[in-house]
>>> print(open('final.csv').read())   # CSV, C-alpha atoms
chain,number,residue,atom,x,y,z
V,1,MET,CA,11.7,22.0,-2.0
V,2,THR,CA,8.1,20.7,-1.4
V,3,ARG,CA,7.7,19.8,2.2
V,4,VAL,CA,5.8,16.6,2.8
V,5,ARG,CA,4.8,15.1,6.2
V,6,CYS,CA,3.5,11.6,6.9
V,7,VAL,CA,1.3,10.6,9.9
V,8,MET,CA,0.3,7.1,11.1
V,9,MET,CA,-1.4,5.6,14.1
V,10,GLN,CA,-0.2,2.2,15.4
V,11,LYS,CA,-0.4,-0.1,18.4
V,12,ASN,CA,2.2,-2.8,19.1
V,13,GLU,CA,3.4,-3.0,15.5
V,14,ALA,CA,6.7,-4.7,16.4
V,15,THR,CA,7.2,-6.1,12.9
V,16,LEU,CA,6.1,-3.1,10.7
V,17,LEU,CA,7.0,0.0,12.7
V,18,GLU,CA,10.7,0.2,12.0
V,19,PRO,CA,10.4,-0.7,8.3
V,20,TRP,CA,7.7,2.0,8.0
V,21,ILE,CA,9.9,4.6,9.6
V,22,LEU,CA,13.0,3.7,7.5
V,23,TRP,CA,11.1,3.6,4.2
V,24,HIS,CA,9.5,7.0,4.6
V,25,ALA,CA,12.5,8.6,6.3
V,26,ALA,CA,14.5,7.8,3.2
V,27,ILE,CA,12.0,9.8,1.2
V,28,PHE,CA,11.0,12.6,3.5
V,29,GLY,CA,13.4,12.6,6.4
V,30,PHE,CA,12.9,11.5,10.0
V,31,SER,CA,11.7,14.9,11.2
V,32,ASN,CA,8.7,14.7,8.7
V,33,LEU,CA,7.3,11.6,10.2
V,34,THR,CA,4.7,11.5,13.0
V,35,VAL,CA,3.7,8.2,14.7
V,36,ILE,CA,0.6,8.3,17.0
V,37,ASP,CA,1.1,5.6,19.6
V,38,ASN,CA,-2.4,4.1,20.4
V,39,GLY,CA,-1.4,2.6,23.7
V,40,SER,CA,1.5,0.2,22.8
V,41,THR,CA,2.7,-2.2,25.5
V,42,ASP,CA,5.2,-4.3,23.6
V,43,PRO,CA,8.7,-3.4,24.9
V,44,ALA,CA,10.1,-3.8,21.4
V,45,VAL,CA,7.7,-1.2,20.0
V,46,LEU,CA,8.4,1.2,22.9
V,47,ASP,CA,12.1,0.9,22.3
V,48,ILE,CA,11.8,1.5,18.5
V,49,GLN,CA,9.7,4.7,19.2
V,50,THR,CA,12.3,6.0,21.7
V,51,ARG,CA,15.2,5.3,19.4
V,52,TYR,CA,13.7,7.0,16.4
V,53,GLU,CA,12.3,9.9,18.5
V,54,GLY,CA,16.0,10.6,19.1
V,55,LYS,CA,16.5,10.8,15.3
V,56,GLY,CA,13.7,13.3,14.9
V,57,VAL,CA,10.5,11.3,14.5
V,58,ARG,CA,7.6,12.8,16.4
V,59,ILE,CA,5.9,10.3,18.7
V,60,VAL,CA,2.5,11.3,19.9
V,61,ARG,CA,1.5,9.4,23.1
V,62,ASP,CA,-1.7,11.2,24.2
V,63,HIS,CA,-4.2,9.2,22.0
V,64,ALA,CA,-3.8,5.8,23.6
V,65,SER,CA,-7.4,4.7,24.0
V,66,PRO,CA,-9.7,2.4,21.9
V,67,THR,CA,-11.9,5.5,21.4
V,68,ASP,CA,-9.0,7.3,19.9
V,69,PHE,CA,-8.5,4.4,17.4
V,70,LEU,CA,-12.2,4.5,16.5
V,71,HIS,CA,-11.8,8.3,15.8
V,72,LYS,CA,-8.4,7.8,14.1
V,73,GLY,CA,-9.5,10.0,11.2
V,74,ASP,CA,-10.4,12.9,13.5
V,75,VAL,CA,-7.2,12.5,15.5
V,76,ILE,CA,-5.1,12.7,12.3
V,77,ALA,CA,-7.1,15.5,10.8
V,78,GLY,CA,-6.4,17.5,14.0
V,79,ILE,CA,-2.7,17.0,13.6
V,80,ILE,CA,-2.9,18.0,10.0
V,81,ARG,CA,-4.8,21.2,11.0
V,82,GLN,CA,-2.1,22.0,13.5
V,83,TRP,CA,0.6,21.6,10.8
V,84,ASP,CA,-1.5,24.0,8.7
V,85,ALA,CA,-1.6,26.5,11.6
V,86,ASP,CA,2.2,26.2,12.0
V,87,ASP,CA,2.8,26.3,8.2
V,88,ALA,CA,4.8,23.1,8.7
V,89,CYS,CA,4.4,21.4,5.4
V,90,ASP,CA,3.0,21.6,1.8
V,91,PHE,CA,1.4,18.1,1.8
V,92,ALA,CA,0.1,15.8,4.5
V,93,VAL,CA,0.0,12.1,3.9
V,94,PRO,CA,-2.1,9.9,6.2
V,95,LEU,CA,-1.0,6.3,6.1
V,96,ASP,CA,-1.4,3.0,8.0
V,97,CYS,CA,1.6,1.1,9.4
V,98,ASP,CA,1.3,-1.5,6.7
V,99,GLU,CA,1.3,1.1,3.9
V,100,PHE,CA,4.5,2.2,2.1
V,101,LEU,CA,4.4,5.0,-0.4
V,102,THR,CA,5.6,4.3,-4.0
V,103,VAL,CA,5.0,5.7,-7.5
V,104,PHE,CA,3.5,3.9,-10.5
V,105,LEU,CA,3.6,5.8,-13.8
V,106,ASP,CA,5.2,4.1,-16.8
V,107,GLN,CA,7.0,1.9,-14.3
V,108,LEU,CA,7.0,1.0,-10.6
V,109,SER,CA,9.4,3.4,-9.0
V,110,LEU,CA,10.8,3.2,-5.4
V,111,ASP,CA,13.3,6.0,-5.9
V,112,PRO,CA,12.9,8.7,-3.2
V,113,GLU,CA,13.7,11.5,-5.7
V,114,VAL,CA,11.0,10.3,-8.1
V,115,ILE,CA,8.5,10.1,-5.3
V,116,ARG,CA,9.3,13.6,-4.0
V,117,LEU,CA,9.1,15.0,-7.5
V,118,GLN,CA,5.4,14.0,-7.9
V,119,PHE,CA,4.5,16.3,-5.0
V,120,ASP,CA,6.2,19.2,-6.8
V,121,TYR,CA,3.9,18.6,-9.8
V,122,LEU,CA,0.8,18.5,-7.6
V,123,MET,CA,1.6,21.8,-5.9
V,124,GLN,CA,-0.2,23.8,-8.5
V,125,GLU,CA,-3.4,21.8,-8.3
V,126,ASN,CA,-6.5,23.0,-6.4
V,127,ALA,CA,-8.2,19.7,-5.8
V,128,THR,CA,-9.0,16.8,-3.5
V,129,PHE,CA,-6.2,14.4,-4.0
V,130,ILE,CA,-7.0,10.7,-4.4
V,131,THR,CA,-4.6,7.8,-4.3
V,132,GLU,CA,-6.6,4.8,-5.4
V,133,ARG,CA,-4.1,2.1,-6.2
V,134,LEU,CA,-2.6,-0.5,-3.8
V,135,LEU,CA,-0.2,-3.4,-4.3
V,136,LEU,CA,-1.2,-6.0,-1.7
V,137,ASN,CA,1.5,-8.6,-0.9
V,138,VAL,CA,0.4,-12.1,-1.8
V,139,PRO,CA,0.6,-14.6,1.2
V,140,GLU,CA,3.3,-17.3,1.0
V,141,ALA,CA,4.6,-15.7,-2.2
V,142,PRO,CA,7.3,-13.1,-1.5
V,143,ASP,CA,7.9,-10.7,-4.4
V,144,TYR,CA,4.4,-11.2,-5.7
V,145,TYR,CA,1.7,-8.4,-5.3
V,146,LEU,CA,-2.0,-8.1,-6.2
V,147,PRO,CA,-2.9,-4.7,-7.7
V,148,GLN,CA,-6.1,-3.4,-6.2
V,149,ILE,CA,-8.2,-0.2,-6.4
V,150,VAL,CA,-9.1,1.2,-3.0
V,151,ARG,CA,-9.7,4.9,-2.5
V,152,ARG,CA,-7.3,6.8,-0.1
V,153,GLY,CA,-6.3,10.4,0.0
V,154,LEU,CA,-3.7,13.0,0.9
V,155,PHE,CA,-4.0,16.8,1.4
V,156,ARG,CA,-2.3,19.9,0.2
V,157,ALA,CA,-1.7,22.4,3.1
V,158,HIS,CA,-4.8,24.3,4.3
V,159,THR,CA,-7.3,22.2,2.4
V,160,ILE,CA,-8.4,19.5,4.8
V,161,VAL,CA,-12.1,19.4,5.8
V,162,SER,CA,-12.4,15.9,7.2
V,163,LEU,CA,-10.9,12.4,7.2
V,164,ASP,CA,-12.7,9.2,8.1
V,165,ARG,CA,-11.1,6.4,10.1
V,166,GLY,CA,-10.2,4.3,7.1
V,167,PHE,CA,-9.0,7.3,5.0
V,168,HIS,CA,-11.3,6.2,2.2
V,169,ASN,CA,-13.4,9.4,2.0
V,170,PRO,CA,-11.1,12.4,2.3
V,171,GLN,CA,-12.8,15.7,2.1
V,172,SER,CA,-11.1,19.0,1.2
V,173,ILE,CA,-12.2,22.5,0.4
V,174,TYR,CA,-12.4,21.5,-3.3
V,175,PRO,CA,-15.4,19.1,-3.2
V,176,GLU,CA,-16.1,19.5,-6.9
V,177,ARG,CA,-12.6,18.6,-8.2
V,178,TYR,CA,-10.8,15.3,-7.6
V,179,VAL,CA,-7.3,14.6,-9.0
V,180,ARG,CA,-5.8,11.1,-9.0
V,181,THR,CA,-2.2,11.1,-7.9
V,182,PRO,CA,0.5,8.9,-9.4
V,183,PHE,CA,1.2,7.3,-6.0
V,184,VAL,CA,0.6,3.6,-5.1
V,185,HIS,CA,0.5,2.2,-1.5
V,186,LEU,CA,2.6,-0.9,-1.1
V,187,HIS,CA,0.2,-2.7,1.2
V,188,LEU,CA,2.1,-5.2,3.4
V,189,HIS,CA,-1.0,-6.4,5.1
V,190,ASN,CA,-0.6,-10.2,4.7
V,191,ARG,CA,2.0,-11.0,7.4
V,192,PRO,CA,4.0,-14.2,7.0
V,193,ASP,CA,2.6,-15.5,10.4
V,194,TYR,CA,-1.2,-16.0,10.0
V,195,GLU,CA,-1.6,-16.0,13.7
V,196,GLU,CA,-0.1,-12.5,13.8
V,197,ILE,CA,-2.8,-11.4,11.2
V,198,ARG,CA,-5.4,-12.8,13.6
V,199,ARG,CA,-3.9,-11.1,16.6
V,200,PHE,CA,-4.1,-7.6,15.0
V,201,ALA,CA,-7.6,-8.4,13.7
V,202,ARG,CA,-8.6,-9.3,17.3
V,203,GLN,CA,-7.0,-6.1,18.5
V,204,LYS,CA,-9.0,-4.0,16.1
V,205,LEU,CA,-12.2,-5.8,16.9
V,206,ALA,CA,-11.7,-5.3,20.6
V,207,ALA,CA,-11.4,-1.5,20.0
V,208,SER,CA,-14.7,-1.6,18.0
V,209,GLU,CA,-16.5,-3.3,20.9
V,210,THR,CA,-16.5,-0.2,23.2
V,211,GLY,CA,-20.2,0.4,22.8
V,212,GLU,CA,-19.6,3.5,20.7
V,213,THR,CA,-21.6,4.1,17.6
V,214,LEU,CA,-19.3,3.1,14.7
V,215,GLU,CA,-18.5,5.5,11.9
V,216,HIS,CA,-19.8,2.9,9.5
V,217,PRO,CA,-22.1,0.1,10.6
V,218,GLN,CA,-20.0,-2.5,8.7
V,219,ASP,CA,-16.7,-1.4,10.4
V,220,GLY,CA,-14.8,-4.5,11.5
V,221,THR,CA,-17.0,-7.1,9.8
V,222,HIS,CA,-14.2,-8.0,7.3
V,223,LEU,CA,-12.0,-8.8,10.2
V,224,HIS,CA,-14.1,-11.8,11.2
V,225,PHE,CA,-13.0,-13.5,8.0
V,226,TYR,CA,-9.6,-14.3,9.4
V,227,PHE,CA,-11.2,-16.4,12.2
V,228,GLU,CA,-13.6,-18.2,9.8
V,229,THR,CA,-10.8,-19.2,7.4
V,230,GLY,CA,-7.7,-21.2,8.1
V,231,SER,CA,-4.2,-20.2,6.9
V,232,GLU,CA,-4.1,-22.8,4.1
V,233,ASP,CA,-7.5,-21.7,2.6
V,234,PHE,CA,-6.5,-18.1,3.0
V,235,ALA,CA,-3.3,-18.5,1.0
V,236,ALA,CA,-5.0,-20.8,-1.5
V,237,GLY,CA,-7.5,-18.1,-2.3
V,238,TYR,CA,-4.8,-15.9,-3.8
V,239,ARG,CA,-3.1,-18.6,-6.0
V,240,PRO,CA,-5.5,-18.6,-9.0
V,241,VAL,CA,-5.5,-14.8,-9.2
V,242,PRO,CA,-3.1,-13.1,-11.7
V,243,ASN,CA,-0.7,-10.6,-10.0
V,244,ILE,CA,2.6,-9.0,-10.6
V,245,TYR,CA,6.2,-10.1,-9.8
V,246,ALA,CA,8.3,-7.3,-8.4
V,247,PRO,CA,11.5,-8.4,-6.7
V,248,VAL,CA,12.7,-4.8,-6.8
V,249,ILE,CA,10.6,-4.2,-3.6
V,250,ALA,CA,12.5,-6.7,-1.5
V,251,GLN,CA,15.7,-5.3,-3.0
V,252,ARG,CA,14.8,-1.8,-1.8
V,253,LEU,CA,14.0,-3.1,1.7
V,254,ARG,CA,17.5,-4.7,1.8
V,255,GLU,CA,19.1,-1.4,0.8
V,256,LEU,CA,17.3,0.3,3.7
V,257,GLY,CA,18.7,-2.4,6.1
V,258,ILE,CA,15.3,-4.2,6.4
V,259,ASP,CA,15.1,-8.0,6.2
V,260,PRO,CA,12.3,-8.5,3.6
V,261,ASP,CA,11.6,-12.0,5.0
V,262,ILE,CA,10.1,-10.6,8.2
V,263,LEU,CA,7.5,-8.7,6.1
V,264,LEU,CA,7.0,-10.9,3.0
V,265,GLY,CA,7.9,-14.4,4.3
V,266,THR,CA,10.2,-17.0,2.7
V,267,GLY,CA,7.8,-19.0,0.5
V,268,ASP,CA,9.6,-21.6,-1.6
V,269,THR,CA,6.7,-23.1,-3.5
V,270,ILE,CA,6.7,-20.4,-6.1
V,271,PRO,CA,9.5,-19.4,-8.6
V,272,HIS,CA,11.7,-16.4,-8.1
V,273,PRO,CA,13.3,-16.1,-11.6
V,274,THR,CA,16.2,-13.7,-12.1
V,275,LEU,CA,14.9,-11.2,-14.7
V,276,ASN,CA,16.0,-7.9,-16.2
V,277,ILE,CA,12.9,-5.9,-15.5
V,278,PRO,CA,13.3,-2.2,-16.5
V,279,SER,CA,9.7,-1.4,-15.5
V,280,GLY,CA,10.2,-2.8,-12.0
V,281,PHE,CA,7.6,-5.6,-12.5
V,282,VAL,CA,6.2,-8.2,-14.8
V,283,ALA,CA,2.7,-9.6,-15.0
V,284,HIS,CA,2.4,-13.1,-13.6
V,285,ARG,CA,-0.2,-15.9,-13.5
V,286,GLY,CA,-0.1,-19.5,-12.3
V,287,ARG,CA,-1.7,-22.3,-14.1
V,288,GLU,CA,-2.1,-26.1,-13.8
V,289,ASP,CA,-2.8,-25.8,-10.0
V,290,GLY,CA,0.4,-23.8,-9.5
V,291,GLN,CA,2.7,-26.1,-11.5
V,292,GLN,CA,3.1,-23.6,-14.4
V,293,HIS,CA,4.0,-20.0,-14.1
V,294,GLU,CA,3.8,-17.4,-16.9
V,295,TYR,CA,5.5,-14.0,-16.9
V,296,ARG,CA,4.8,-11.2,-19.4
V,297,MET,CA,6.2,-7.7,-19.9
V,298,PHE,CA,3.5,-5.0,-19.4
V,299,ASP,CA,3.8,-1.4,-20.6
V,300,PRO,CA,1.1,0.7,-18.8
V,301,VAL,CA,1.3,3.6,-21.3
V,302,PHE,CA,1.2,1.3,-24.4
V,303,TYR,CA,-1.7,-0.7,-23.0
V,304,ALA,CA,-3.8,2.3,-22.2
V,305,GLN,CA,-3.2,4.0,-25.6
V,306,ASN,CA,-3.9,0.8,-27.5
V,307,ASN,CA,-7.1,-0.1,-25.6
V,308,PRO,CA,-9.2,3.1,-25.5
V,309,ASP,CA,-12.2,1.1,-24.2
V,310,VAL,CA,-10.1,0.3,-21.1
V,311,ALA,CA,-8.8,3.8,-20.7
V,312,ARG,CA,-12.3,5.2,-20.8
V,313,ASP,CA,-13.8,2.7,-18.4
V,314,ALA,CA,-14.8,4.1,-15.0
V,315,TYR,CA,-13.1,1.3,-13.1
V,316,TYR,CA,-10.3,-0.2,-15.3
V,317,GLY,CA,-9.3,3.3,-16.4
V,318,ILE,CA,-8.0,4.0,-12.9
V,319,TRP,CA,-5.4,1.2,-13.4
V,320,PRO,CA,-5.4,-0.6,-16.8
V,321,LEU,CA,-3.0,-3.1,-15.4
V,322,ILE,CA,-5.9,-4.7,-13.5
V,323,HIS,CA,-7.8,-5.0,-16.7
V,324,TYR,CA,-5.0,-6.9,-18.3
V,325,LEU,CA,-4.6,-9.2,-15.4
V,326,THR,CA,-8.3,-10.0,-15.0
V,327,CYS,CA,-9.5,-9.8,-18.6
V,328,GLY,CA,-7.0,-8.6,-21.3
V,329,TRP,CA,-4.5,-11.5,-20.8
V,330,ASP,CA,-7.2,-14.1,-21.5
V,331,GLU,CA,-8.5,-12.0,-24.3
V,332,GLY,CA,-5.1,-12.1,-26.0
V,333,ARG,CA,-4.6,-8.3,-25.9
V,334,GLN,CA,-1.0,-7.2,-26.5
V,335,SER,CA,0.7,-6.1,-23.3
V,336,ASP,CA,3.8,-4.4,-24.6
V,337,PRO,CA,4.9,-2.7,-27.9
V,338,GLY,CA,7.5,-5.4,-28.7
V,339,ASN,CA,5.0,-8.2,-28.0
V,340,VAL,CA,7.8,-10.0,-26.1
V,341,PRO,CA,7.0,-13.7,-25.7
V,342,PRO,CA,6.2,-14.8,-22.2
V,343,LEU,CA,8.6,-16.7,-19.9
V,344,VAL,CA,6.9,-19.9,-18.9
V,345,LEU,CA,8.3,-22.0,-16.0
V,346,GLN,CA,7.2,-25.5,-15.1
V,347,MET,CA,7.5,-26.5,-11.5
V,348,ASN,CA,8.6,-29.9,-10.4
V,349,LYS,CA,5.5,-31.7,-9.0
V,350,ALA,CA,7.6,-33.1,-6.3
V,351,THR,CA,8.3,-29.6,-5.0
>>> encode(input="final.csv", output="structure tokens")
Amino acid sequence: MTRVRCVMMQKNEATLLEPWILWHAAIFGFSNLTVIDNGSTDPAVLDIQTRYEGKGVRIVRDHASPTDFLHKGDVIAGIIRQWDADDACDFAVPLDCDEFLTVFLDQLSLDPEVIRLQFDYLMQENATFITERLLLNVPEAPDYYLPQIVRRGLFRAHTIVSLDRGFHNPQSIYPERYVRTPFVHLHLHNRPDYEEIRRFARQKLAASETGETLEHPQDGTHLHFYFETGSEDFAAGYRPVPNIYAPVIAQRLRELGIDPDILLGTGDTIPHPTLNIPSGFVAHRGREDGQQHEYRMFDPVFYAQNNPDVARDAYYGIWPLIHYLTCGWDEGRQSDPGNVPPLVLQMNKAT
């Protein structure tokens, strides 16, 4: 069996830490998870770490300073190199605490066996492995996710050269060959409590104000956005943007004993239709200022095969779903082989 280890750095992540552990332990086992504690003081977090340390999760407590956070990539690269020295795993996966590993091929799959199987397929590849696709949870719209293309990476054993703090520029001993993996990071960044988003932004900004030279001059500048924008405007910015509806994610969280409401919220201003969704998701867009909602089946393989211009495109070819949501839907391109009519729901304006 291919051995996979995950590593993550966190500080005071009382909401996300236990779900992150349970999600990845169900895939790889508790003993293959490493949590670097960056100086947590929250008693709830300290208790979670102690409890799961007893189940086999490795808790690293000697990187507790703001400087360690600023050099997170170096810290994690050091741990991965130690795994290599100990021949402890076949793959190392660096993640953030708000990132949950999934697979997206012809469908969205949360099945641990399917996820593990993808690593078996990658074992024969000599390459730098890139995971470029994220599903960002939409604020005030539980079960809705915005597909995004953001470069991340993972490493086969004995190949790491370097890792930056944001994990966006992984370097391996194969600089000339990059392979895109089938993985997607479920990015639960948009916490239901906007003040909690600001609190963690403030925590990261404080770490960046140590006087050290930053890895990238723009590090932290995006965090100021949360203090310049109110919660209503923040959520409103997502509403016109087409996304996907994937209630299977909340269902999986419940199966793991995790209350999805604490991660996704309880928004009741958007529909949650009961649908039979073999692919795990449907495309969604809101119209008429959110009063009308349209849902369409989307077949990733069909769409790529029938739109070679999209498949060849340097950007949209990474994830043709994004092309359909941002361009193809409005252009009238067919999204599935059966050309299934959309489901259209009209909201009560009094809602």
>>> residues_around(input="final.csv", residues="stretch 293-295 of chain V", least_positions_apart="5", cutoff="10 Å", atoms="only C-alpha atoms", output="PyMOL selection string")
chain V and resi 242-245+270-271+273+281-288+341-347
>>> closest_residue(input="final.csv", among="V:Ala127, V:Leu275, V:Cys6, V:Ile80", to="V:Arg177", atoms="all atoms listed in the file")
V:Ala127
>>> residues_around(input="final.csv", residues="stretch 108-120 of chain V", least_positions_apart="5", cutoff="9 Å", atoms="all atoms listed in the file", output="list in words")
Met1, Thr2, Arg3, Val4, His24, Ala26, Ile27, Phe28, Asp90, Phe91, Leu101, Thr102, Val103, Thr181, Pro182, Phe183, Val184, Ala246, Val248, Ile249, Arg252, Ser279, Gly280 and Phe281 of chain V
>>> atom_distance(input="final.csv", atom1="atom CA of V:Leu325", atom2="atom CA of V:Val93")
29.1 Å
>>> residues_around(input="final.csv", residues="V:Val150", least_positions_apart="6", cutoff="8 Å", atoms="all atoms listed in the file", output="short mmCIF file (atom, residue, chain, number, x, y, z; two decimals) with C-alpha atoms, keeping the file's coordinate frame")
data_model
loop_
_atom_site.label_atom_id
_atom_site.label_comp_id
_atom_site.auth_asym_id
_atom_site.auth_seq_id
_atom_site.Cartn_x
_atom_site.Cartn_y
_atom_site.Cartn_z
CA GLU V 132 -6.60 4.80 -5.40
CA ARG V 133 -4.10 2.10 -6.20
CA LEU V 134 -2.60 -0.50 -3.80
CA HIS V 168 -11.30 6.20 2.20
#
>>> residues_near_point(input="final.csv", point="(-1.8, 2.8, -24.5)", cutoff="12 Å", atoms="only C-alpha atoms", output="PDB file with C-alpha atoms, in the coordinates of the input")
ATOM      1  CA  ASP V 106       5.200   4.100 -16.800  1.00  0.00           C
ATOM      2  CA  PHE V 298       3.500  -5.000 -19.400  1.00  0.00           C
ATOM      3  CA  ASP V 299       3.800  -1.400 -20.600  1.00  0.00           C
ATOM      4  CA  PRO V 300       1.100   0.700 -18.800  1.00  0.00           C
ATOM      5  CA  VAL V 301       1.300   3.600 -21.300  1.00  0.00           C
ATOM      6  CA  PHE V 302       1.200   1.300 -24.400  1.00  0.00           C
ATOM      7  CA  TYR V 303      -1.700  -0.700 -23.000  1.00  0.00           C
ATOM      8  CA  ALA V 304      -3.800   2.300 -22.200  1.00  0.00           C
ATOM      9  CA  GLN V 305      -3.200   4.000 -25.600  1.00  0.00           C
ATOM     10  CA  ASN V 306      -3.900   0.800 -27.500  1.00  0.00           C
ATOM     11  CA  ASN V 307      -7.100  -0.100 -25.600  1.00  0.00           C
ATOM     12  CA  PRO V 308      -9.200   3.100 -25.500  1.00  0.00           C
ATOM     13  CA  ASP V 309     -12.200   1.100 -24.200  1.00  0.00           C
ATOM     14  CA  VAL V 310     -10.100   0.300 -21.100  1.00  0.00           C
ATOM     15  CA  ALA V 311      -8.800   3.800 -20.700  1.00  0.00           C
ATOM     16  CA  ARG V 312     -12.300   5.200 -20.800  1.00  0.00           C
ATOM     17  CA  GLY V 317      -9.300   3.300 -16.400  1.00  0.00           C
ATOM     18  CA  TRP V 319      -5.400   1.200 -13.400  1.00  0.00           C
ATOM     19  CA  PRO V 320      -5.400  -0.600 -16.800  1.00  0.00           C
ATOM     20  CA  LEU V 321      -3.000  -3.100 -15.400  1.00  0.00           C
ATOM     21  CA  TYR V 324      -5.000  -6.900 -18.300  1.00  0.00           C
ATOM     22  CA  ARG V 333      -4.600  -8.300 -25.900  1.00  0.00           C
ATOM     23  CA  GLN V 334      -1.000  -7.200 -26.500  1.00  0.00           C
ATOM     24  CA  SER V 335       0.700  -6.100 -23.300  1.00  0.00           C
ATOM     25  CA  ASP V 336       3.800  -4.400 -24.600  1.00  0.00           C
ATOM     26  CA  PRO V 337       4.900  -2.700 -27.900  1.00  0.00           C
TER      27      PRO V 337
END
